[in-house]
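Here is final33.txt, consisting of compact mmCIF, C-alpha atoms:
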```txt
# COMPACT_ATOMS: atom_id res chain seq x y z
CA MET Z 23 119.78 92.24 110.89
CA GLN Z 24 122.66 89.79 110.82
CA SER Z 25 121.62 88.75 107.31
CA PHE Z 26 122.08 92.33 106.06
CA VAL Z 27 125.55 92.39 107.63
CA ASP Z 28 126.39 89.02 106.06
CA ARG Z 29 125.30 90.34 102.64
CA ASP Z 30 127.58 93.39 103.04
CA LEU Z 31 124.63 95.79 103.07
CA LEU Z 32 125.22 96.97 106.63
CA SER Z 33 128.46 97.23 108.58
CA GLY Z 34 126.67 96.52 111.84
CA ALA Z 35 123.60 97.31 113.92
CA ALA Z 36 122.33 97.55 117.48
CA ALA Z 37 118.69 96.88 118.39
CA VAL Z 38 116.57 97.19 121.52
CA ILE Z 39 113.00 95.93 121.99
CA LEU Z 40 110.81 97.07 124.87
CA LYS Z 41 107.57 95.56 126.16
CA ASN Z 42 105.51 97.53 128.67
CA ASN Z 43 108.52 99.86 128.95
CA MET Z 44 110.91 97.09 129.98
CA VAL Z 45 113.86 96.06 127.81
CA VAL Z 46 113.10 92.49 126.72
CA ASP Z 47 115.75 92.12 124.00
CA TYR Z 48 119.06 93.77 123.18
CA HIS Z 49 121.26 92.66 120.31
CA ASN Z 50 124.40 93.79 118.50
CA CYS Z 51 125.74 92.46 115.22
CA GLY Z 52 128.56 93.33 112.86
CA PHE Z 53 131.16 96.04 113.10
CA ALA Z 54 131.29 99.69 114.10
CA ASP Z 55 134.28 99.87 111.74
CA ILE Z 56 134.79 97.24 109.05
CA GLU Z 57 138.47 97.87 108.35
CA SER Z 58 139.60 97.44 111.97
CA LYS Z 59 136.94 94.79 112.72
CA ARG Z 60 135.84 96.86 115.74
CA PRO Z 61 132.57 95.28 116.88
CA VAL Z 62 129.33 97.10 117.63
CA THR Z 63 128.89 97.39 121.39
CA GLU Z 64 126.33 98.90 123.74
CA ASP Z 65 128.40 102.09 123.99
CA THR Z 66 129.10 102.52 120.26
CA ILE Z 67 128.44 106.16 119.37
CA TYR Z 68 126.24 106.94 116.35
CA ARG Z 69 125.39 110.04 114.37
CA ILE Z 70 121.66 110.14 115.05
CA TYR Z 71 120.91 112.99 112.63
CA SER Z 72 117.13 113.59 112.66
CA ASN Z 73 116.56 111.54 115.77
CA THR Z 74 117.87 114.80 117.26
CA LYS Z 75 114.54 116.39 116.33
CA ILE Z 76 112.57 114.44 118.95
CA ILE Z 77 114.98 115.61 121.66
CA THR Z 78 114.72 119.23 120.48
CA SER Z 79 110.93 118.99 120.50
CA VAL Z 80 110.95 117.68 124.08
CA ALA Z 81 113.24 120.57 125.07
CA ALA Z 82 110.76 123.08 123.64
CA LEU Z 83 107.86 121.37 125.40
CA CYS Z 84 109.71 121.67 128.72
CA LEU Z 85 109.67 125.44 128.14
CA LEU Z 86 106.01 125.35 127.12
CA GLU Z 87 105.31 123.90 130.57
CA ASP Z 88 107.46 126.68 132.04
CA GLY Z 89 105.08 129.20 130.46
CA LYS Z 90 107.67 130.70 128.12
CA PHE Z 91 105.41 130.61 125.06
CA SER Z 92 102.10 129.46 123.63
CA LEU Z 93 101.87 127.07 120.71
CA ASP Z 94 99.83 129.60 118.75
CA ASP Z 95 102.27 132.47 119.26
CA PRO Z 96 103.63 133.79 115.95
CA LEU Z 97 107.33 133.19 115.32
CA SER Z 98 107.91 136.93 115.05
CA LYS Z 99 107.02 137.39 118.72
CA PHE Z 100 110.42 135.89 119.52
CA LEU Z 101 112.19 136.16 116.14
CA PRO Z 102 111.14 139.57 114.74
CA GLU Z 103 113.43 139.13 111.73
CA LEU Z 104 110.95 136.50 110.46
CA SER Z 105 107.94 138.83 110.55
CA ASN Z 106 107.78 139.89 106.92
CA LEU Z 107 109.02 136.97 104.85
CA ALA Z 108 108.33 136.61 101.16
CA VAL Z 109 106.82 133.34 99.91
CA LEU Z 110 107.58 131.45 96.70
CA LYS Z 111 104.72 132.09 94.29
CA GLU Z 112 102.54 128.99 94.12
CA GLY Z 113 103.41 126.85 91.10
CA SER Z 114 106.58 128.79 90.27
CA ASP Z 115 109.92 127.12 89.58
CA ASP Z 116 111.75 130.44 89.97
CA PRO Z 117 112.66 131.31 93.59
CA SER Z 118 112.77 135.00 92.65
CA GLU Z 119 109.01 134.91 91.94
CA THR Z 120 107.43 135.59 95.31
CA GLU Z 121 104.21 136.76 96.90
CA PRO Z 122 103.48 138.37 100.26
CA LEU Z 123 103.10 136.33 103.42
CA GLN Z 124 99.40 135.78 104.09
CA THR Z 125 99.56 134.65 107.71
CA GLU Z 126 102.56 134.41 110.01
CA ALA Z 127 103.66 130.94 111.02
CA THR Z 128 103.07 129.84 114.60
CA ILE Z 129 105.18 127.77 116.99
CA ARG Z 130 102.70 124.91 116.53
CA GLN Z 131 103.26 125.00 112.78
CA LEU Z 132 107.01 125.20 113.29
CA MET Z 133 106.99 122.06 115.46
CA SER Z 134 104.93 120.15 112.87
CA HIS Z 135 106.81 121.28 109.72
CA GLN Z 136 104.03 123.54 108.45
CA ALA Z 137 105.82 126.88 108.84
CA GLY Z 138 106.75 127.14 105.15
CA PHE Z 139 110.48 126.46 105.47
CA SER Z 140 112.34 123.90 103.35
CA TYR Z 141 115.60 122.00 103.94
CA GLY Z 142 117.97 122.59 101.05
CA ILE Z 143 119.45 119.10 100.99
CA PHE Z 144 116.46 117.28 99.45
CA ALA Z 145 115.84 119.55 96.43
CA GLU Z 146 112.12 119.42 97.16
CA SER Z 147 111.46 123.10 96.40
CA PRO Z 148 112.95 125.76 94.11
CA VAL Z 149 114.04 127.66 97.23
CA ASP Z 150 116.34 124.77 98.20
CA ALA Z 151 118.98 126.13 95.82
CA LEU Z 152 118.96 129.35 97.82
CA TYR Z 153 119.39 127.43 101.08
CA LEU Z 154 122.50 125.80 99.63
CA LYS Z 155 123.80 129.04 98.10
CA HIS Z 156 123.53 130.87 101.42
CA ASN Z 157 124.79 127.85 103.40
CA VAL Z 158 121.84 128.01 105.80
CA LEU Z 159 123.05 125.04 107.83
CA GLY Z 160 126.71 125.97 107.67
CA THR Z 161 128.44 124.60 110.75
CA ASP Z 162 130.63 127.69 111.19
CA GLY Z 163 127.56 129.80 112.04
CA THR Z 164 125.46 129.84 115.19
CA LEU Z 165 121.74 129.14 115.44
CA ALA Z 166 121.13 132.90 115.62
CA GLU Z 167 123.13 133.40 112.40
CA MET Z 168 121.16 130.59 110.74
CA VAL Z 169 117.89 132.42 111.49
CA THR Z 170 119.37 135.63 110.06
CA LYS Z 171 120.15 133.78 106.83
CA LEU Z 172 116.58 132.44 106.68
CA SER Z 173 115.16 135.94 107.15
CA ALA Z 174 116.58 136.94 103.75
CA LEU Z 175 115.11 133.95 101.88
CA PRO Z 176 111.54 133.21 100.73
CA LEU Z 177 109.43 130.52 102.31
CA ALA Z 178 108.72 127.48 100.14
CA ASN Z 179 104.97 127.80 100.73
CA GLN Z 180 102.43 129.71 102.76
CA PRO Z 181 102.40 128.59 106.43
CA GLY Z 182 99.75 126.02 107.24
CA THR Z 183 99.21 124.87 103.67
CA ARG Z 184 101.20 121.62 103.74
CA PHE Z 185 103.69 119.45 105.63
CA GLN Z 186 107.18 120.09 104.31
CA TYR Z 187 110.18 118.57 106.07
CA SER Z 188 112.48 121.45 106.87
CA VAL Z 189 114.94 123.35 109.04
CA SER Z 190 112.03 124.13 111.37
CA THR Z 191 113.54 122.14 114.23
CA ASP Z 192 116.79 124.07 113.92
CA VAL Z 193 114.75 127.27 114.25
CA LEU Z 194 113.08 125.68 117.27
CA ALA Z 195 116.52 125.09 118.82
CA ARG Z 196 117.22 128.83 118.51
CA LEU Z 197 113.91 129.53 120.24
CA VAL Z 198 114.94 127.20 123.08
CA GLU Z 199 117.99 129.43 123.56
CA ILE Z 200 115.84 132.57 123.60
CA TRP Z 201 113.22 131.16 125.96
CA SER Z 202 115.72 129.60 128.36
CA GLY Z 203 118.49 132.20 128.29
CA GLN Z 204 121.00 129.33 127.88
CA SER Z 205 122.94 127.85 125.01
CA PHE Z 206 121.06 125.01 123.38
CA ILE Z 207 123.48 122.33 124.57
CA ALA Z 208 123.48 123.70 128.14
CA PHE Z 209 119.69 123.50 128.26
CA LEU Z 210 119.69 119.96 126.89
CA GLN Z 211 122.25 118.89 129.46
CA ASP Z 212 120.36 120.48 132.36
CA ARG Z 213 116.83 119.41 131.50
CA ILE Z 214 117.22 116.15 129.52
CA PHE Z 215 120.67 114.55 129.34
CA ARG Z 216 121.76 114.65 132.98
CA PRO Z 217 118.31 113.76 134.40
CA LEU Z 218 118.06 110.78 132.01
CA ALA Z 219 121.70 109.69 132.44
CA MET Z 220 122.40 110.24 128.73
CA VAL Z 221 126.15 110.43 129.29
CA ASP Z 222 127.32 110.07 125.67
CA THR Z 223 124.79 112.31 123.92
CA ASP Z 224 126.31 115.56 122.62
CA PHE Z 225 127.10 117.63 119.55
CA VAL Z 226 130.74 116.51 119.62
CA VAL Z 227 132.61 113.30 120.37
CA PRO Z 228 135.48 114.22 122.73
CA GLU Z 229 138.91 112.76 122.15
CA GLY Z 230 138.56 110.16 124.89
CA LYS Z 231 135.46 108.70 123.26
CA GLN Z 232 136.41 108.89 119.58
CA HIS Z 233 137.44 105.24 119.52
CA ARG Z 234 133.75 104.43 120.09
CA LEU Z 235 132.38 106.47 117.16
CA ALA Z 236 130.98 104.24 114.42
CA THR Z 237 132.24 104.74 110.88
CA ASN Z 238 129.59 106.03 108.50
CA TYR Z 239 129.10 104.12 105.24
CA VAL Z 240 127.46 104.59 101.85
CA PRO Z 241 126.49 101.94 99.27
CA VAL Z 242 129.29 101.07 96.88
CA ASP Z 243 126.83 101.88 94.05
CA PRO Z 244 124.62 104.87 95.01
CA MET Z 245 122.33 104.14 92.06
CA ASP Z 246 121.69 100.62 93.36
CA PRO Z 247 121.56 100.93 97.17
CA MET Z 248 120.79 97.22 97.64
CA LYS Z 249 123.91 96.13 95.78
CA PRO Z 250 126.37 94.53 98.25
CA GLY Z 251 129.35 96.63 99.21
CA LEU Z 252 130.03 99.66 101.42
CA ASN Z 253 132.43 102.57 101.31
CA ALA Z 254 133.40 104.71 104.29
CA GLU Z 255 131.85 108.18 104.05
CA PRO Z 256 133.45 111.38 105.40
CA ASP Z 257 131.24 113.63 107.52
CA SER Z 258 130.23 116.01 104.76
CA ILE Z 259 126.65 116.85 105.83
CA LEU Z 260 127.26 118.53 109.18
CA GLY Z 261 131.04 118.33 109.31
CA SER Z 262 133.23 116.28 111.61
CA PHE Z 263 131.80 115.27 114.96
CA GLN Z 264 135.31 115.06 116.40
CA GLN Z 265 135.69 118.84 116.79
CA PRO Z 266 133.23 121.36 118.27
CA LYS Z 267 131.13 123.30 115.77
CA ALA Z 268 129.46 126.69 116.10
CA LEU Z 269 126.11 125.25 114.93
CA ALA Z 270 124.30 123.13 117.50
CA SER Z 271 121.85 121.72 114.98
CA GLY Z 272 118.55 120.95 116.66
CA GLY Z 273 117.47 119.17 113.52
CA GLY Z 274 120.33 116.71 113.15
CA GLY Z 275 123.48 117.52 115.09
CA LEU Z 276 123.57 115.05 117.97
CA VAL Z 277 125.52 111.85 118.47
CA SER Z 278 124.32 109.23 120.94
CA THR Z 279 124.46 105.58 121.94
CA ILE Z 280 121.59 103.13 121.79
CA SER Z 281 121.85 102.88 125.58
CA ASP Z 282 121.40 106.65 126.04
CA TYR Z 283 118.57 106.84 123.54
CA THR Z 284 116.80 103.89 125.16
CA ASN Z 285 116.64 105.95 128.38
CA PHE Z 286 115.11 108.80 126.38
CA MET Z 287 112.60 106.44 124.75
CA GLN Z 288 111.64 105.00 128.12
CA MET Z 289 110.83 108.54 129.24
CA LEU Z 290 108.56 108.98 126.21
CA ILE Z 291 106.90 105.60 126.80
CA GLY Z 292 106.54 106.46 130.49
CA SER Z 293 104.43 109.51 129.63
CA GLY Z 294 107.24 111.91 130.40
CA GLU Z 295 108.82 110.05 133.34
CA TYR Z 296 111.82 107.72 133.59
CA ASN Z 297 113.45 106.21 136.68
CA ASN Z 298 111.42 108.48 138.98
CA VAL Z 299 112.53 111.57 137.04
CA ARG Z 300 109.77 113.55 135.34
CA ILE Z 301 110.72 115.51 132.21
CA LEU Z 302 107.23 116.32 130.88
CA LYS Z 303 103.69 116.13 132.23
CA ASP Z 304 101.24 113.46 131.07
CA GLU Z 305 99.11 116.01 129.22
CA THR Z 306 102.13 117.45 127.41
CA MET Z 307 103.15 113.99 126.22
CA ALA Z 308 99.60 113.38 124.99
CA LEU Z 309 99.74 116.67 123.07
CA MET Z 310 103.10 115.75 121.54
CA GLN Z 311 101.59 112.54 120.19
CA SER Z 312 98.42 114.20 118.83
CA ASN Z 313 98.02 115.17 115.18
CA GLN Z 314 98.73 118.86 114.55
CA LEU Z 315 98.11 118.88 110.79
CA PRO Z 316 94.88 120.31 109.35
CA ALA Z 317 92.19 117.84 108.31
CA GLY Z 318 93.15 116.03 105.14
CA LYS Z 319 96.84 116.97 105.30
CA MET Z 320 99.40 114.17 105.50
CA VAL Z 321 103.17 113.79 105.84
CA GLN Z 322 104.99 114.18 102.51
CA LEU Z 323 108.66 113.27 102.29
CA PRO Z 324 111.01 113.08 99.30
CA ASN Z 325 112.49 109.59 98.76
CA TRP Z 326 110.75 108.17 101.83
CA HIS Z 327 107.39 106.44 101.33
CA MET Z 328 105.32 107.14 104.42
CA PRO Z 329 101.61 106.61 103.67
CA ASN Z 330 98.78 107.11 106.18
CA THR Z 331 100.92 109.32 108.38
CA VAL Z 332 100.18 112.57 110.18
CA PHE Z 333 102.40 114.58 112.51
CA GLY Z 334 102.39 115.70 116.12
CA LEU Z 335 104.83 117.99 117.90
CA GLY Z 336 108.05 116.35 116.73
CA LEU Z 337 106.77 112.83 116.02
CA ALA Z 338 105.11 111.13 113.05
CA ILE Z 339 101.88 109.26 113.81
CA LYS Z 340 100.56 106.30 111.80
CA THR Z 341 96.85 106.29 111.03
CA ALA Z 342 96.98 102.78 109.52
CA PRO Z 343 99.50 99.90 109.44
CA MET Z 344 102.08 99.48 106.71
CA PRO Z 345 101.90 96.25 104.66
CA GLY Z 346 102.87 93.31 106.83
CA GLU Z 347 102.17 95.12 110.09
CA PRO Z 348 99.36 94.26 112.55
CA ASP Z 349 96.55 96.54 113.70
CA GLN Z 350 98.69 97.53 116.70
CA ALA Z 351 100.77 99.67 114.34
CA THR Z 352 97.87 102.12 114.11
CA GLY Z 353 98.73 105.03 116.38
CA GLU Z 354 102.45 104.22 116.32
CA VAL Z 355 104.67 107.27 116.85
CA HIS Z 356 108.11 107.29 115.28
CA TRP Z 357 110.98 109.10 113.64
CA GLY Z 358 114.46 108.32 112.37
CA GLY Z 359 117.78 109.68 111.20
CA LEU Z 360 119.48 109.95 107.82
CA ALA Z 361 122.18 107.39 108.63
CA GLY Z 362 119.80 104.62 109.65
CA THR Z 363 118.72 105.25 113.23
CA HIS Z 364 115.02 104.61 113.80
CA THR Z 365 112.85 104.64 116.92
CA TRP Z 366 109.16 103.89 117.40
CA ILE Z 367 106.47 103.30 120.01
CA SER Z 368 103.20 101.39 119.63
CA PRO Z 369 100.97 102.61 122.48
CA SER Z 370 98.17 100.12 121.74
CA GLY Z 371 100.59 97.19 121.46
CA GLY Z 372 102.64 98.15 124.51
CA ILE Z 373 105.82 97.66 122.50
CA ALA Z 374 108.61 99.92 121.27
CA ALA Z 375 111.97 99.45 119.59
CA LEU Z 376 115.16 101.11 118.43
CA ILE Z 377 117.46 100.14 115.57
CA PHE Z 378 120.79 101.98 115.15
CA THR Z 379 123.00 101.61 112.07
CA GLN Z 380 125.41 103.93 110.22
CA ARG Z 381 124.64 103.87 106.52
CA LEU Z 382 123.77 106.85 104.34
CA PRO Z 383 121.12 107.45 103.21
CA GLY Z 384 119.12 105.51 105.79
CA PHE Z 385 115.73 105.99 104.13
CA TRP Z 386 116.71 104.12 100.94
CA HIS Z 387 116.80 100.71 102.51
CA GLU Z 388 114.39 98.26 104.08
CA PHE Z 389 116.49 97.46 107.13
CA SER Z 390 114.51 99.36 109.74
CA HIS Z 391 111.19 98.37 108.17
CA GLU Z 392 112.16 94.70 108.15
CA PHE Z 393 113.25 94.95 111.77
CA LYS Z 394 109.94 96.58 112.67
CA ARG Z 395 107.91 93.92 110.88
CA GLN Z 396 109.76 91.19 112.74
CA VAL Z 397 109.25 92.91 116.10
CA TYR Z 398 105.51 93.24 115.46
CA GLN Z 399 105.25 89.64 114.34
CA ALA Z 400 107.06 88.44 117.47
CA ALA Z 401 104.90 90.62 119.72
CA VAL Z 402 101.64 89.49 118.15
```
What would you get if you wrote out this structure as structure tokens?
Amino acid sequence: MQSFVDRDLLSGAAAVILKNNMVVDYHNCGFADIESKRPVTEDTIYRIYSNTKIITSVAALCLLEDGKFSLDDPLSKFLPELSNLAVLKEGSDDPSETEPLQTEATIRQLMSHQAGFSYGIFAESPVDALYLKHNVLGTDGTLAEMVTKLSALPLANQPGTRFQYSVSTDVLARLVEIWSGQSFIAFLQDRIFRPLAMVDTDFVVPEGKQHRLATNYVPVDPMDPMKPGLNAEPDSILGSFQQPKALASGGGGLVSTISDYTNFMQMLIGSGEYNNVRILKDETMALMQSNQLPAGKMVQLPNWHMPNTVFGLGLAIKTAPMPGEPDQATGEVHWGGLAGTHTWISPSGGIAALIFTQRLPGFWHEFSHEFKRQVYQAAV
């Protein structure tokens, strides 16, 4: 990773490697802020964006164990406003051309991005323009208000027909509130953050910690993301993390440190247990890491090549190695965030790793993939 910093492609990075659930390597390089030359440290705070989704999925699975819902319950059982959604007519480029909902989406489909929702920000579907027009993920609205906005918009496709990356995990965060009777952040703090000693993980960076927040960067030439040079990027996607927001985005709203997230990863690797604290049962963890897509369906993502990949309950699952990876990559579970945070576990290899950077968009570069290849090569 130092070579990417030296070439002015990354400001800095932090990396952790685990073997048999023990940290065997930890390394920082570069700067959390280039202008001030503030170095990356173990307690540097990062916008983890979609790495939030794994945490939200674990929160929901805690409530599954509590008996609050069944995976095959329809969404309308808990969110009646989603009971009679229209669906974009198949093959249409006009979001006003819709057809009736054939089958209601289930919680299982929601947790595996098969519920028919889209995202808005990736322009993957004609309905994305409506998501942007109605500001579905507007930070001045609550999770409940977000669901109300969605209830007035068509689905991008019939539930269960394909994997489409979406606001599903934000909807899941609203369900966590309904099932638990708590705010989303209060539930996370009670059931995940405090038990796992995740002391810096939150939806806001308080004033006393703001000096530890990494600056976010974009390539100096967005059309050539591997051209050296970085510009600081304001927080335009989900707004500033230095002030509280109404929206506690379960899909991308958390900040964290690599130290905090390593504790969370060790819980996942430990089959739901970390440091004698159990968050999930063994069988629930096995379910989370089991494919939930119908036979023949695979993960499809705009601008992110992810072949031979299926999806569990909040985690992607490799069915075959990527080029340059060993056989131990088969069965790997992983996910990442838009600004270059990436986490993965190889159950068969007994290894796992985290790489945290702050560069938008994270999926345009080879940094995390190169790191992963080197970790596998070292382990083998």
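Going from CA of Ile291 (chain Z) to CA of Met307 (chain Z) covers 9.2 Å.
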Is it possible to get the axis-aligned box enclosing region 298-305 of chain Z (all listed atoms, 6 Å extra per side) as AutoDock Vina command-line options, with centre and edge lengths in Å rounded to one decimal?
```
--center_x 105.8 --center_y 112.4 --center_z 134.1 --size_x 25.4 --size_y 19.8 --size_z 21.8
```
Contacts of region 230-237 of chain Z at 9 Å or less, counting only C-alpha atoms, minus same-chain residues fewer than 5 places along, as an MDAnalysis selection string? chainID Z and resid 33 53:56 60 62:63 65:69 222 254:256 264 277 379:381
How many Å lie between CA of His327 (chain Z) and CA of Asn313 (chain Z), rounded to one decimal? 18.9 Å
Between CA of Ala351 (chain Z) and CA of Leu290 (chain Z), what is the distance in Å, rounded to a tenth?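 Distance between the two atoms: 17.0 Å.
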12 Å contact set for Gln265 (chain Z), all atoms listed in the file, chain neighbours under 4 positions out, as JSON, numbers by chain: {"Z": [161, 162, 224, 225, 226, 227, 228, 229, 232, 257, 260, 261, 269]}
Proximity to Tyr296 (chain Z) - best of Z:Ala342, Z:Thr352, Z:Pro217, Z:His49, all atoms listed in the file: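 Ranking Z:Ala342, Z:Thr352, Z:Pro217, Z:His49 by distance to Tyr296 (chain Z), first place goes to Z:Pro217.
For the choices Z:Val240, Z:Ala361, Z:Met44, Z:Ala166, the atom-to-atom distance to Ser72 (chain Z) is smallest for Z:Ala361 when using all atoms listed in the file.
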Please list, as an MDAnalysis selection string, the residues that have an atom at most 9 Å away from (124.9, 95.0, 104.5) in the coordinates of this file, counting only C-alpha atoms. chainID Z and resid 23:34 241 248:252
Within 7 Å of file point (123.2, 123.2, 121.1), counting all atoms listed in the file, expressed as a list in words: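 Here the neighbourhood of the point contains Ser205, Phe206, Ile207, Phe225, Ala270, Ser271 and Gly272 of chain Z.
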Could you give me, as JSON, numbers by chain, the residues within 9 Å of Phe389 (chain Z), counting all atoms listed in the file and dropping anything in the same chain fewer than 2 positions from it? {"Z": [23, 26, 32, 362, 377, 384, 387, 391, 392, 393, 394]}
Here is a test: counting all atoms listed in the file, which residue of Z:Leu302, Z:Trp201, Z:Val169, Z:Ser368 is nearest to Gly89 (chain Z)? Z:Trp201
